[in-house]
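> target13.cif is the file, holding mmCIF, C-alpha atoms (C1' of nucleotides):
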data_model
loop_
_atom_site.label_atom_id
_atom_site.label_comp_id
_atom_site.auth_asym_id
_atom_site.auth_seq_id
_atom_site.Cartn_x
_atom_site.Cartn_y
_atom_site.Cartn_z
CA MET A 1 -13.73 22.05 -28.13
CA GLY A 2 -10.14 22.53 -27.08
CA THR A 3 -10.44 25.72 -25.07
CA LYS A 4 -12.79 24.49 -22.39
CA SER A 5 -10.90 21.27 -21.71
CA GLN A 6 -7.62 23.17 -21.74
CA ILE A 7 -8.93 25.55 -19.08
CA ILE A 8 -10.03 22.58 -16.97
CA GLU A 9 -6.70 20.84 -17.32
CA ILE A 10 -4.62 23.86 -16.33
CA ALA A 11 -6.96 25.01 -13.56
CA THR A 12 -7.07 21.51 -12.06
CA ALA A 13 -3.31 21.43 -11.61
CA LEU A 14 -3.31 24.92 -10.09
CA PHE A 15 -6.12 24.09 -7.65
CA GLN A 16 -4.37 20.87 -6.60
CA GLU A 17 -1.13 22.71 -5.99
CA LYS A 18 -2.31 25.87 -4.27
CA GLY A 19 -5.86 25.19 -3.17
CA TYR A 20 -9.06 26.83 -4.39
CA ASN A 21 -8.58 30.10 -2.54
CA GLY A 22 -4.88 30.16 -3.36
CA VAL A 23 -5.51 30.53 -7.09
CA GLY A 24 -7.06 33.64 -8.62
CA LEU A 25 -8.94 33.84 -11.89
CA ASN A 26 -6.21 36.13 -13.21
CA GLU A 27 -3.62 33.45 -12.62
CA ILE A 28 -5.78 30.93 -14.46
CA ILE A 29 -6.44 33.09 -17.50
CA ASN A 30 -2.76 34.03 -17.71
CA ALA A 31 -1.71 30.38 -17.58
CA CYS A 32 -4.29 29.54 -20.27
CA LYS A 33 -3.50 32.65 -22.31
CA ILE A 34 -7.16 33.52 -22.63
CA SER A 35 -9.29 36.48 -21.54
CA LYS A 36 -11.71 36.76 -18.69
CA GLY A 37 -14.54 36.94 -21.20
CA ALA A 38 -13.59 33.57 -22.68
CA LEU A 39 -13.45 31.97 -19.26
CA TYR A 40 -16.90 33.24 -18.32
CA HIS A 41 -18.27 32.12 -21.69
CA HIS A 42 -17.37 28.51 -20.80
CA PHE A 43 -18.19 28.78 -17.10
CA PRO A 44 -21.01 31.32 -16.75
CA ASN A 45 -21.40 30.65 -13.03
CA GLY A 46 -17.80 31.53 -12.35
CA LYS A 47 -15.00 30.08 -10.32
CA GLU A 48 -16.87 27.46 -8.36
CA GLU A 49 -18.44 26.03 -11.51
CA LEU A 50 -14.93 25.70 -12.90
CA LEU A 51 -13.78 23.94 -9.72
CA ILE A 52 -16.59 21.40 -9.95
CA ALA A 53 -15.76 20.78 -13.61
CA CYS A 54 -12.15 20.20 -12.52
CA LEU A 55 -13.23 17.70 -9.88
CA GLY A 56 -15.33 15.86 -12.47
CA SER A 57 -12.40 15.71 -14.86
CA LEU A 58 -10.13 14.58 -12.04
CA ASN A 59 -12.60 11.79 -11.33
CA GLU A 60 -12.19 10.45 -14.87
CA VAL A 61 -8.43 10.88 -15.03
CA ILE A 62 -7.67 9.35 -11.64
CA THR A 63 -10.05 6.44 -12.12
CA LYS A 64 -8.66 5.62 -15.54
CA ASP A 65 -5.08 5.94 -14.35
CA ILE A 66 -5.46 3.82 -11.22
CA GLU A 67 -7.60 1.18 -12.95
CA GLU A 68 -4.96 0.86 -15.65
CA ILE A 69 -2.29 0.12 -13.06
CA PHE A 70 -4.57 -2.24 -11.17
CA ASP A 71 -5.37 -4.20 -14.35
CA GLN A 72 -1.68 -4.69 -15.00
CA TYR A 73 -0.96 -6.53 -11.77
CA PRO A 74 -2.66 -9.67 -10.46
CA THR A 75 -2.65 -8.86 -6.71
CA ILE A 76 -3.31 -5.71 -4.69
CA LYS A 77 0.17 -5.99 -3.24
CA GLU A 78 1.86 -5.58 -6.59
CA ALA A 79 -0.62 -3.03 -7.89
CA MET A 80 -0.37 -0.83 -4.80
CA LYS A 81 3.41 -1.04 -4.83
CA ALA A 82 3.51 0.05 -8.49
CA MET A 83 1.03 2.85 -7.89
CA ILE A 84 2.95 4.39 -5.01
CA GLU A 85 6.24 3.97 -6.86
CA LYS A 86 4.77 5.93 -9.75
CA LEU A 87 3.73 8.64 -7.31
CA ILE A 88 7.24 8.75 -5.81
CA ALA A 89 8.92 8.85 -9.21
CA LYS A 90 6.78 11.79 -10.26
CA PHE A 91 7.54 13.61 -7.03
CA GLU A 92 11.27 13.08 -7.39
CA THR A 93 11.39 14.39 -10.95
CA GLU A 94 8.83 17.19 -10.75
CA GLY A 95 9.19 18.19 -7.10
CA THR A 96 5.45 18.17 -6.54
CA ILE A 97 2.56 15.71 -6.51
CA THR A 98 -0.74 16.50 -8.13
CA SER A 99 -1.62 13.07 -9.51
CA TYR A 100 -4.01 11.35 -7.14
CA THR A 101 -4.59 14.04 -4.53
CA PHE A 102 -7.06 16.82 -3.97
CA SER A 103 -6.54 17.39 -0.27
CA SER A 104 -5.86 21.05 -1.05
CA ILE A 105 -9.49 21.42 -2.10
CA VAL A 106 -10.96 19.18 0.58
CA SER A 107 -9.16 20.95 3.37
CA GLU A 108 -10.69 24.29 2.40
CA MET A 109 -14.16 22.80 2.39
CA GLY A 110 -15.06 24.88 5.43
CA SER A 111 -15.29 27.83 3.07
CA LEU A 112 -16.79 26.02 0.08
CA SER A 113 -20.23 24.80 -0.96
CA GLU A 114 -22.04 21.52 -0.47
CA ALA A 115 -21.73 20.75 -4.20
CA VAL A 116 -17.95 20.78 -3.87
CA ARG A 117 -18.07 18.49 -0.85
CA ILE A 118 -20.17 15.98 -2.76
CA ALA A 119 -17.85 16.05 -5.78
CA CYS A 120 -14.88 15.36 -3.48
CA SER A 121 -16.75 12.64 -1.65
CA ASN A 122 -17.54 10.91 -4.95
CA LEU A 123 -13.88 10.97 -5.87
CA TYR A 124 -12.73 9.35 -2.64
CA THR A 125 -15.50 6.76 -2.88
CA LYS A 126 -14.43 5.81 -6.38
CA ILE A 127 -10.79 5.36 -5.37
CA GLU A 128 -11.75 3.32 -2.33
CA GLY A 129 -13.95 1.18 -4.56
CA ILE A 130 -11.07 0.25 -6.85
CA TYR A 131 -8.90 -0.76 -3.90
CA SER A 132 -11.71 -2.67 -2.21
CA ASN A 133 -12.59 -4.65 -5.35
CA LYS A 134 -9.00 -5.75 -5.80
CA LEU A 135 -8.77 -6.71 -2.13
CA GLN A 136 -11.93 -8.79 -2.43
CA SER A 137 -10.70 -10.51 -5.58
CA ASP A 138 -7.61 -11.34 -3.51
CA GLY A 139 -9.88 -13.21 -1.13
CA LEU A 140 -10.70 -10.72 1.62
CA SER A 141 -14.19 -10.32 3.02
CA GLU A 142 -16.12 -7.24 1.97
CA GLU A 143 -15.94 -5.70 5.42
CA SER A 144 -12.25 -6.30 5.78
CA ALA A 145 -11.58 -5.07 2.24
CA ASN A 146 -13.48 -1.86 2.83
CA SER A 147 -11.59 -1.06 6.04
CA ILE A 148 -8.23 -1.59 4.40
CA ALA A 149 -9.26 0.35 1.29
CA VAL A 150 -10.24 3.36 3.40
CA THR A 151 -6.98 3.15 5.35
CA MET A 152 -4.97 2.98 2.13
CA THR A 153 -6.77 5.99 0.69
CA ALA A 154 -6.20 7.99 3.86
CA ALA A 155 -2.57 6.94 4.29
CA ILE A 156 -1.69 7.83 0.70
CA GLU A 157 -3.43 11.20 0.91
CA GLY A 158 -1.68 11.90 4.21
CA GLY A 159 1.60 10.56 2.88
CA ILE A 160 1.51 13.01 -0.01
CA LEU A 161 1.03 15.84 2.49
CA LEU A 162 4.04 14.61 4.48
CA CYS A 163 6.21 14.38 1.36
CA LEU A 164 5.33 17.90 0.28
CA THR A 165 5.90 19.24 3.79
CA ASN A 166 9.26 17.53 4.31
CA LYS A 167 10.39 17.87 0.69
CA THR A 168 11.40 14.22 0.56
CA SER A 169 9.76 11.06 -0.74
CA GLU A 170 10.71 9.08 2.37
CA PRO A 171 7.22 9.20 3.96
CA LEU A 172 5.54 7.54 0.97
CA LYS A 173 8.30 4.93 0.82
CA MET A 174 7.78 4.03 4.48
CA ILE A 175 4.00 4.05 4.10
CA SER A 176 4.19 1.77 1.09
CA GLN A 177 6.17 -0.80 3.09
CA VAL A 178 3.73 -0.72 5.99
CA LEU A 179 0.59 -0.84 3.84
CA LEU A 180 1.87 -3.83 1.90
CA ARG A 181 2.30 -5.66 5.17
CA LEU A 182 -1.47 -5.34 5.70
CA VAL A 183 -2.40 -7.61 2.81
CA MET B 1 -0.91 39.12 27.81
CA GLY B 2 -4.44 38.15 26.97
CA THR B 3 -4.99 39.82 23.63
CA LYS B 4 -2.12 38.32 21.67
CA SER B 5 -2.76 34.76 22.83
CA GLN B 6 -6.47 35.20 22.23
CA ILE B 7 -5.81 36.28 18.64
CA ILE B 8 -3.60 33.24 18.14
CA GLU B 9 -6.17 30.89 19.58
CA ILE B 10 -9.05 32.14 17.46
CA ALA B 11 -6.99 32.51 14.27
CA THR B 12 -5.59 28.99 14.65
CA ALA B 13 -9.06 27.45 14.65
CA LEU B 14 -10.08 29.53 11.64
CA PHE B 15 -6.95 28.62 9.67
CA GLN B 16 -7.43 24.94 10.47
CA GLU B 17 -11.02 25.02 9.35
CA LYS B 18 -10.82 27.15 6.20
CA GLY B 19 -7.16 27.24 5.25
CA TYR B 20 -4.82 30.21 5.23
CA ASN B 21 -6.21 31.82 2.09
CA GLY B 22 -9.77 31.05 3.10
CA VAL B 23 -9.63 33.38 6.10
CA GLY B 24 -9.35 37.15 5.77
CA LEU B 25 -7.97 39.53 8.36
CA ASN B 26 -11.40 41.09 8.67
CA GLU B 27 -12.88 37.75 9.68
CA ILE B 28 -10.17 37.33 12.30
CA ILE B 29 -10.55 40.77 13.86
CA ASN B 30 -14.33 40.38 13.93
CA ALA B 31 -14.07 37.03 15.67
CA CYS B 32 -11.61 38.51 18.18
CA LYS B 33 -13.58 41.74 18.54
CA ILE B 34 -10.45 43.83 18.07
CA SER B 35 -9.38 46.41 15.52
CA LYS B 36 -6.95 46.12 12.65
CA GLY B 37 -4.57 48.40 14.52
CA ALA B 38 -4.46 46.05 17.49
CA LEU B 39 -3.74 43.07 15.29
CA TYR B 40 -0.85 44.80 13.54
CA HIS B 41 0.49 45.98 16.88
CA HIS B 42 0.94 42.34 17.93
CA PHE B 43 1.94 41.03 14.51
CA PRO B 44 3.75 43.88 12.72
CA ASN B 45 4.70 41.66 9.76
CA GLY B 46 1.10 40.82 9.08
CA LYS B 47 -0.88 37.73 8.27
CA GLU B 48 1.94 35.28 7.66
CA GLU B 49 3.61 36.19 10.94
CA LEU B 50 0.31 35.41 12.63
CA LEU B 51 0.10 32.06 10.84
CA ILE B 52 3.57 31.07 12.01
CA ALA B 53 2.67 32.06 15.57
CA CYS B 54 -0.42 29.87 15.24
CA LEU B 55 1.66 26.91 14.05
CA GLY B 56 4.01 27.40 16.99
CA SER B 57 1.11 27.47 19.41
CA LEU B 58 -0.40 24.42 17.72
CA ASN B 59 2.91 22.65 18.25
CA GLU B 60 2.66 23.15 21.99
CA VAL B 61 -1.02 22.32 22.28
CA ILE B 62 -0.93 19.18 20.14
CA THR B 63 2.23 17.87 21.76
CA LYS B 64 0.91 18.39 25.26
CA ASP B 65 -2.45 16.88 24.41
CA ILE B 66 -1.11 13.78 22.68
CA GLU B 67 1.60 13.22 25.28
CA GLU B 68 -1.00 13.39 28.01
CA ILE B 69 -3.03 10.64 26.37
CA PHE B 70 0.08 8.57 25.68
CA ASP B 71 1.20 8.82 29.31
CA GLN B 72 -2.15 7.50 30.46
CA TYR B 73 -1.93 4.19 28.61
CA PRO B 74 0.83 1.59 28.85
CA THR B 75 0.88 0.43 25.21
CA ILE B 76 0.64 2.21 21.86
CA LYS B 77 -2.41 0.13 21.05
CA GLU B 78 -4.44 1.50 23.93
CA ALA B 79 -3.07 5.03 23.57
CA MET B 80 -3.77 5.21 19.83
CA LYS B 81 -7.24 3.79 20.33
CA ALA B 82 -8.04 6.43 22.97
CA MET B 83 -6.59 9.23 20.86
CA ILE B 84 -8.64 8.42 17.77
CA GLU B 85 -11.75 7.89 19.89
CA LYS B 86 -11.29 11.37 21.30
CA LEU B 87 -11.02 12.71 17.76
CA ILE B 88 -14.19 10.90 16.74
CA ALA B 89 -16.12 12.08 19.80
CA LYS B 90 -15.18 15.67 19.06
CA PHE B 91 -16.22 15.30 15.44
CA GLU B 92 -19.57 13.80 16.36
CA THR B 93 -20.44 16.57 18.81
CA GLU B 94 -18.95 19.59 17.04
CA GLY B 95 -19.28 18.49 13.41
CA THR B 96 -15.73 19.44 12.61
CA ILE B 97 -12.20 18.39 13.52
CA THR B 98 -9.50 20.93 14.23
CA SER B 99 -7.67 19.14 17.02
CA TYR B 100 -4.61 17.40 15.60
CA THR B 101 -4.74 18.48 11.98
CA PHE B 102 -3.31 21.28 9.93
CA SER B 103 -3.66 19.76 6.48
CA SER B 104 -5.58 22.86 5.43
CA ILE B 105 -2.41 24.89 5.84
CA VAL B 106 -0.04 22.26 4.48
CA SER B 107 -2.07 21.74 1.36
CA GLU B 108 -1.85 25.40 0.44
CA MET B 109 1.90 25.37 0.85
CA GLY B 110 2.34 25.85 -2.87
CA SER B 111 1.34 29.45 -2.31
CA LEU B 112 3.08 29.97 1.05
CA SER B 113 6.62 30.65 2.22
CA GLU B 114 9.47 28.37 3.22
CA ALA B 115 9.11 29.46 6.85
CA VAL B 116 5.59 28.05 6.91
CA ARG B 117 6.72 24.78 5.37
CA ILE B 118 9.37 24.38 8.07
CA ALA B 119 6.91 25.13 10.88
CA CYS B 120 4.55 22.46 9.50
CA SER B 121 7.38 19.99 9.05
CA ASN B 122 8.41 20.48 12.69
CA LEU B 123 4.88 19.75 13.79
CA TYR B 124 4.62 16.48 11.87
CA THR B 125 8.07 15.44 13.10
CA LYS B 126 7.06 16.02 16.69
CA ILE B 127 3.89 13.95 16.38
CA GLU B 128 5.74 11.13 14.65
CA GLY B 129 8.33 11.24 17.43
CA ILE B 130 5.73 10.63 20.14
CA TYR B 131 4.28 7.66 18.26
CA SER B 132 7.72 6.25 17.48
CA ASN B 133 8.93 6.46 21.09
CA LYS B 134 5.89 4.60 22.34
CA LEU B 135 6.32 1.96 19.65
CA GLN B 136 9.96 1.48 20.63
CA SER B 137 9.10 1.22 24.31
CA ASP B 138 6.66 -1.48 23.18
CA GLY B 139 9.64 -3.41 21.84
CA LEU B 140 9.82 -2.47 18.17
CA SER B 141 13.10 -1.65 16.44
CA GLU B 142 13.80 1.99 15.68
CA GLU B 143 13.41 1.49 11.95
CA SER B 144 10.18 -0.39 12.26
CA ALA B 145 8.79 2.09 14.79
CA ASN B 146 9.56 5.03 12.54
CA SER B 147 7.81 3.47 9.54
CA ILE B 148 4.69 2.72 11.52
CA ALA B 149 4.73 6.15 13.18
CA VAL B 150 4.83 7.87 9.79
CA THR B 151 2.02 5.66 8.51
CA MET B 152 -0.10 6.43 11.56
CA THR B 153 0.47 10.17 11.18
CA ALA B 154 -0.46 10.04 7.50
CA ALA B 155 -3.47 7.77 7.97
CA ILE B 156 -4.93 9.95 10.72
CA GLU B 157 -4.39 13.15 8.74
CA GLY B 158 -5.96 11.51 5.69
CA GLY B 159 -8.71 10.00 7.80
CA ILE B 160 -9.72 13.40 9.10
CA LEU B 161 -10.00 14.63 5.50
CA LEU B 162 -12.22 11.65 4.66
CA CYS B 163 -14.47 12.28 7.68
CA LEU B 164 -14.92 15.93 6.81
CA THR B 165 -15.60 15.09 3.17
CA ASN B 166 -18.11 12.34 3.85
CA LYS B 167 -19.62 14.00 6.93
CA THR B 168 -19.34 10.80 8.92
CA SER B 169 -16.89 9.42 11.45
CA GLU B 170 -16.81 5.99 9.79
CA PRO B 171 -13.45 6.47 8.04
CA LEU B 172 -11.59 7.16 11.30
CA LYS B 173 -13.32 4.22 12.95
CA MET B 174 -12.19 1.88 10.17
CA ILE B 175 -8.69 3.34 10.14
CA SER B 176 -8.40 2.90 13.90
CA GLN B 177 -9.19 -0.80 13.57
CA VAL B 178 -6.68 -1.35 10.80
CA LEU B 179 -3.89 0.66 12.44
CA LEU B 180 -4.27 -1.22 15.70
CA ARG B 181 -3.74 -4.45 13.79
CA LEU B 182 -0.29 -3.18 12.83
CA VAL B 183 1.11 -3.27 16.35
"C1'" DG C 1 -2.15 49.22 23.46
"C1'" DT C 2 -6.22 50.18 20.89
"C1'" DC C 3 -8.79 52.82 17.82
"C1'" DT C 4 -10.57 54.92 12.98
"C1'" DA C 5 -9.63 56.20 8.42
"C1'" DT C 6 -7.55 55.32 4.34
"C1'" DA C 7 -4.57 53.65 0.75
"C1'" DA C 8 -3.31 50.57 -3.19
"C1'" DG C 9 -4.24 46.64 -5.28
"C1'" DA C 10 -6.42 41.97 -6.24
"C1'" DC C 11 -10.60 39.70 -6.20
"C1'" DG C 12 -14.78 37.65 -8.74
"C1'" DA C 13 -18.05 39.04 -11.93
"C1'" DT C 14 -20.49 41.76 -15.81
"C1'" DA C 15 -21.37 44.54 -20.17
"C1'" DG C 16 -20.91 45.23 -24.63
"C1'" DA C 17 -17.97 45.46 -28.97
"C1'" DC C 18 -16.36 42.52 -32.58
"C1'" DG D 1 -16.26 32.49 -29.13
"C1'" DT D 2 -13.08 35.88 -27.73
"C1'" DC D 3 -11.87 40.37 -26.59
"C1'" DT D 4 -11.35 44.97 -23.51
"C1'" DA D 5 -13.09 47.90 -20.10
"C1'" DT D 6 -15.26 48.45 -15.98
"C1'" DC D 7 -17.77 47.72 -11.51
"C1'" DG D 8 -18.14 46.99 -6.65
"C1'" DT D 9 -16.16 44.44 -3.11
"C1'" DC D 10 -12.70 42.59 -0.39
"C1'" DT D 11 -7.92 42.14 0.54
"C1'" DT D 12 -3.50 43.25 3.17
"C1'" DA D 13 -1.27 46.91 5.07
"C1'" DT D 14 -0.28 51.79 6.87
"C1'" DA D 15 -0.86 56.40 9.25
"C1'" DG D 16 -1.93 58.90 12.91
"C1'" DA D 17 -5.15 60.15 16.85
"C1'" DC D 18 -6.09 58.93 21.57
#
Rewrite the coordinates I just gave you, this time as structure tokens.

Amino acid sequence: MGTKSQIIEIATALFQEKGYNGVGLNEIINACKISKGALYHHFPNGKEELLIACLGSLNEVITKDIEEIFDQYPTIKEAMKAMIEKLIAKFETEGTITSYTFSSIVSEMGSLSEAVRIACSNLYTKIEGIYSNKLQSDGLSEESANSIAVTMTAAIEGGILLCLTNKTSEPLKMISQVLLRLV
Amino acid sequence: MGTKSQIIEIATALFQEKGYNGVGLNEIINACKISKGALYHHFPNGKEELLIACLGSLNEVITKDIEEIFDQYPTIKEAMKAMIEKLIAKFETEGTITSYTFSSIVSEMGSLSEAVRIACSNLYTKIEGIYSNKLQSDGLSEESANSIAVTMTAAIEGGILLCLTNKTSEPLKMISQVLLRLV
DNA sequence: GTCTATAAGACGATAGAC
DNA sequence: GTCTATCGTCTTATAGAC
């Protein structure tokens, strides 16, 4: 079923870029070239159901994407370096970053439901898990690996915000250097 | 001039918590117990003018607050530790963090104006500057201090997002430990 | 400087035809 | 499964009285 997954794909990018409240259903159906009726056929409970579907899809995409990079490189140092470089390259060509971030949705959580919070929490947990596993296979203790994994997740999410705000990829470049010094 | 500054104060907290698009003018005037006419008297250009006033006010408040903490402690290590502990204490008593974060506004920037982006950029630059100065007075080179300052800014902003998402202060506690190891 | 009343439009959501 | 038409609500913003 192409339509439903196409809606999810397009809506995900819009939500990441502008936030949940920053995107209207009209904007989504225009971008997808479908009608309001079609949208509500696939998501009978409306906009928030669509958002949660987007977060679920994002979970799969991000996990697959990051795991692929992490399988390519033997140590966390190399894998992390490659991952952030990919992020920077995308930012420099496209002018925006949507890849591994959903801070736009998280930061509006004060006006969203508990189901959304849990979906976001699952996503962060999954990302942290990938980092932590690689750190442990590099020889770190579980406790130490978890702390660094959380810091990496936070620094990258924050770094993306800084890049978008300053319209330059410098913050992520600096952060990459500093994070690599941690391991 | 009580009214105008009161509007700014209340609106700032709401914007930080729910994002720019997550807060309506009606919510703001109800919280301030004023009328729509009064709001537009003080901010003739409407909601975005109010937002920019809020970011300017936030600039003063955050700077003063962080500088006060940083003046109290001789090294960045102690100052940063105290700052994050203050953040955690506030989160644990109030259940939310609005203090030194405006990611909610930044992350909606895709749907906001250039003037807003610049106001946010100024804020991040100012915070980074405080960290960097302290790092340099601790003996680090300018280049090294700047990299670490940016990483600290990003990690704290990201850490706040993780705390709000997971409804626990653990992420900031872990991040504090790791960041302090950097200096 | 603050108020009420109102405008014009966008919002999310629904009904019913095809 | 997709469409159009519509509903009620909420949005930002304005006008004009006091």
> Got a sec to resolve the PyMOL selection byres ((chain B) within 8 of (chain C)) on this structure and send the residues as a PyMOL selection string?
chain B and resi 35+37-38+41
> Given a cut-off of 6 Å, which residues of chain B touch chain A, counting only C-alpha atoms, written out as a ChimeraX atom specification?
/B:17-19,21-22,104,107-108,110-111,117,121,147,151,154-155,157-159,165-166,174-175
> In Å to one decimal, how far is atom CA of B:Asn133 from atom CA of B:Ile84?
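Atom CA of B:Asn133 lies at a distance of 18.0 Å from atom CA of B:Ile84.
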> One decimal, in Å: what's the spacing between atom CA of A:Lys134 and atom CA of A:Ile76?
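Here the two named atoms are 5.8 Å from each other.
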> Considering all atoms listed in the file, extract the chain A residues located within 12 Å of chain D and return them as a list of chain:residue names.
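Contact residues on the first chain: A:Met1, A:Gly2, A:Thr3, A:Lys4, A:Lys33, A:Ile34, A:Ser35, A:Lys36, A:Gly37, A:Ala38, A:Leu39, A:Tyr40, A:His41, A:His42.
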> Adding 8 Å on each side of the box along x, y and z that holds all listed atoms of stretch 74-89 of chain B, could you give its centre and edge lengths in Å to one decimal, as AutoDock Vina command-line options?

--center_x -7.6 --center_y 6.4 --center_z 22.8 --size_x 33.0 --size_y 28.6 --size_z 28.1
> Got a sec to write stretch 111-174 of chain B of the block to a file, C-alpha atoms, as a PDB file, in the first residue's frame?

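As written to disk, selection_4.pdb reads:
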ATOM      1  CA  SER B 111       8.372  27.834  10.173  1.00  0.00           C
ATOM      2  CA  LEU B 112       9.687  31.079  11.712  1.00  0.00           C
ATOM      3  CA  SER B 113      11.435  34.196  10.452  1.00  0.00           C
ATOM      4  CA  GLU B 114      15.088  35.104  10.054  1.00  0.00           C
ATOM      5  CA  ALA B 115      14.802  37.608  12.911  1.00  0.00           C
ATOM      6  CA  VAL B 116      13.907  34.788  15.280  1.00  0.00           C
ATOM      7  CA  ARG B 117      16.808  32.668  14.078  1.00  0.00           C
ATOM      8  CA  ILE B 118      19.225  35.532  14.757  1.00  0.00           C
ATOM      9  CA  ALA B 119      17.830  36.139  18.250  1.00  0.00           C
ATOM     10  CA  CYS B 120      18.288  32.437  19.065  1.00  0.00           C
ATOM     11  CA  SER B 121      21.764  32.401  17.576  1.00  0.00           C
ATOM     12  CA  ASN B 122      22.750  35.366  19.757  1.00  0.00           C
ATOM     13  CA  LEU B 123      21.545  33.526  22.815  1.00  0.00           C
ATOM     14  CA  TYR B 124      23.570  30.390  22.117  1.00  0.00           C
ATOM     15  CA  THR B 125      26.630  32.493  21.302  1.00  0.00           C
ATOM     16  CA  LYS B 126      26.375  34.301  24.607  1.00  0.00           C
ATOM     17  CA  ILE B 127      26.117  31.090  26.623  1.00  0.00           C
ATOM     18  CA  GLU B 128      29.041  29.535  24.753  1.00  0.00           C
ATOM     19  CA  GLY B 129      31.040  32.699  25.434  1.00  0.00           C
ATOM     20  CA  ILE B 130      30.610  32.396  29.196  1.00  0.00           C
ATOM     21  CA  TYR B 131      31.724  28.765  29.158  1.00  0.00           C
ATOM     22  CA  SER B 132      34.642  29.492  26.847  1.00  0.00           C
ATOM     23  CA  ASN B 133      35.946  32.390  28.955  1.00  0.00           C
ATOM     24  CA  LYS B 134      35.945  30.267  32.075  1.00  0.00           C
ATOM     25  CA  LEU B 135      37.697  27.446  30.234  1.00  0.00           C
ATOM     26  CA  GLN B 136      40.375  29.844  29.010  1.00  0.00           C
ATOM     27  CA  SER B 137      40.885  31.307  32.466  1.00  0.00           C
ATOM     28  CA  ASP B 138      41.378  27.683  33.533  1.00  0.00           C
ATOM     29  CA  GLY B 139      44.320  27.535  31.143  1.00  0.00           C
ATOM     30  CA  LEU B 140      42.891  26.069  27.947  1.00  0.00           C
ATOM     31  CA  SER B 141      43.746  27.460  24.517  1.00  0.00           C
ATOM     32  CA  GLU B 142      41.101  29.528  22.773  1.00  0.00           C
ATOM     33  CA  GLU B 143      40.472  26.872  20.150  1.00  0.00           C
ATOM     34  CA  SER B 144      40.172  24.086  22.652  1.00  0.00           C
ATOM     35  CA  ALA B 145      37.966  26.168  24.947  1.00  0.00           C
ATOM     36  CA  ASN B 146      35.596  27.025  22.121  1.00  0.00           C
ATOM     37  CA  SER B 147      35.174  23.383  21.088  1.00  0.00           C
ATOM     38  CA  ILE B 148      34.407  22.275  24.608  1.00  0.00           C
ATOM     39  CA  ALA B 149      32.073  25.235  25.197  1.00  0.00           C
ATOM     40  CA  VAL B 150      30.043  24.341  22.111  1.00  0.00           C
ATOM     41  CA  THR B 151      29.902  20.699  23.166  1.00  0.00           C
ATOM     42  CA  MET B 152      28.738  21.667  26.652  1.00  0.00           C
ATOM     43  CA  THR B 153      26.027  23.932  25.264  1.00  0.00           C
ATOM     44  CA  ALA B 154      24.802  21.202  22.915  1.00  0.00           C
ATOM     45  CA  ALA B 155      24.967  18.423  25.496  1.00  0.00           C
ATOM     46  CA  ILE B 156      23.003  20.413  28.062  1.00  0.00           C
ATOM     47  CA  GLU B 157      20.355  21.436  25.540  1.00  0.00           C
ATOM     48  CA  GLY B 158      20.096  17.828  24.366  1.00  0.00           C
ATOM     49  CA  GLY B 159      20.170  16.566  27.934  1.00  0.00           C
ATOM     50  CA  ILE B 160      17.181  18.696  28.849  1.00  0.00           C
ATOM     51  CA  LEU B 161      15.270  17.179  25.919  1.00  0.00           C
ATOM     52  CA  LEU B 162      16.173  13.678  27.146  1.00  0.00           C
ATOM     53  CA  CYS B 163      15.041  14.475  30.707  1.00  0.00           C
ATOM     54  CA  LEU B 164      11.709  15.822  29.536  1.00  0.00           C
ATOM     55  CA  THR B 165      11.197  12.854  27.221  1.00  0.00           C
ATOM     56  CA  ASN B 166      12.073  10.200  29.775  1.00  0.00           C
ATOM     57  CA  LYS B 167      10.561  12.053  32.738  1.00  0.00           C
ATOM     58  CA  THR B 168      13.682  11.500  34.801  1.00  0.00           C
ATOM     59  CA  SER B 169      16.726  13.587  35.663  1.00  0.00           C
ATOM     60  CA  GLU B 170      19.124  10.689  35.006  1.00  0.00           C
ATOM     61  CA  PRO B 171      20.293  11.914  31.578  1.00  0.00           C
ATOM     62  CA  LEU B 172      21.514  15.267  32.940  1.00  0.00           C
ATOM     63  CA  LYS B 173      23.203  13.510  35.848  1.00  0.00           C
ATOM     64  CA  MET B 174      25.096  11.218  33.468  1.00  0.00           C
TER      65      MET B 174
END
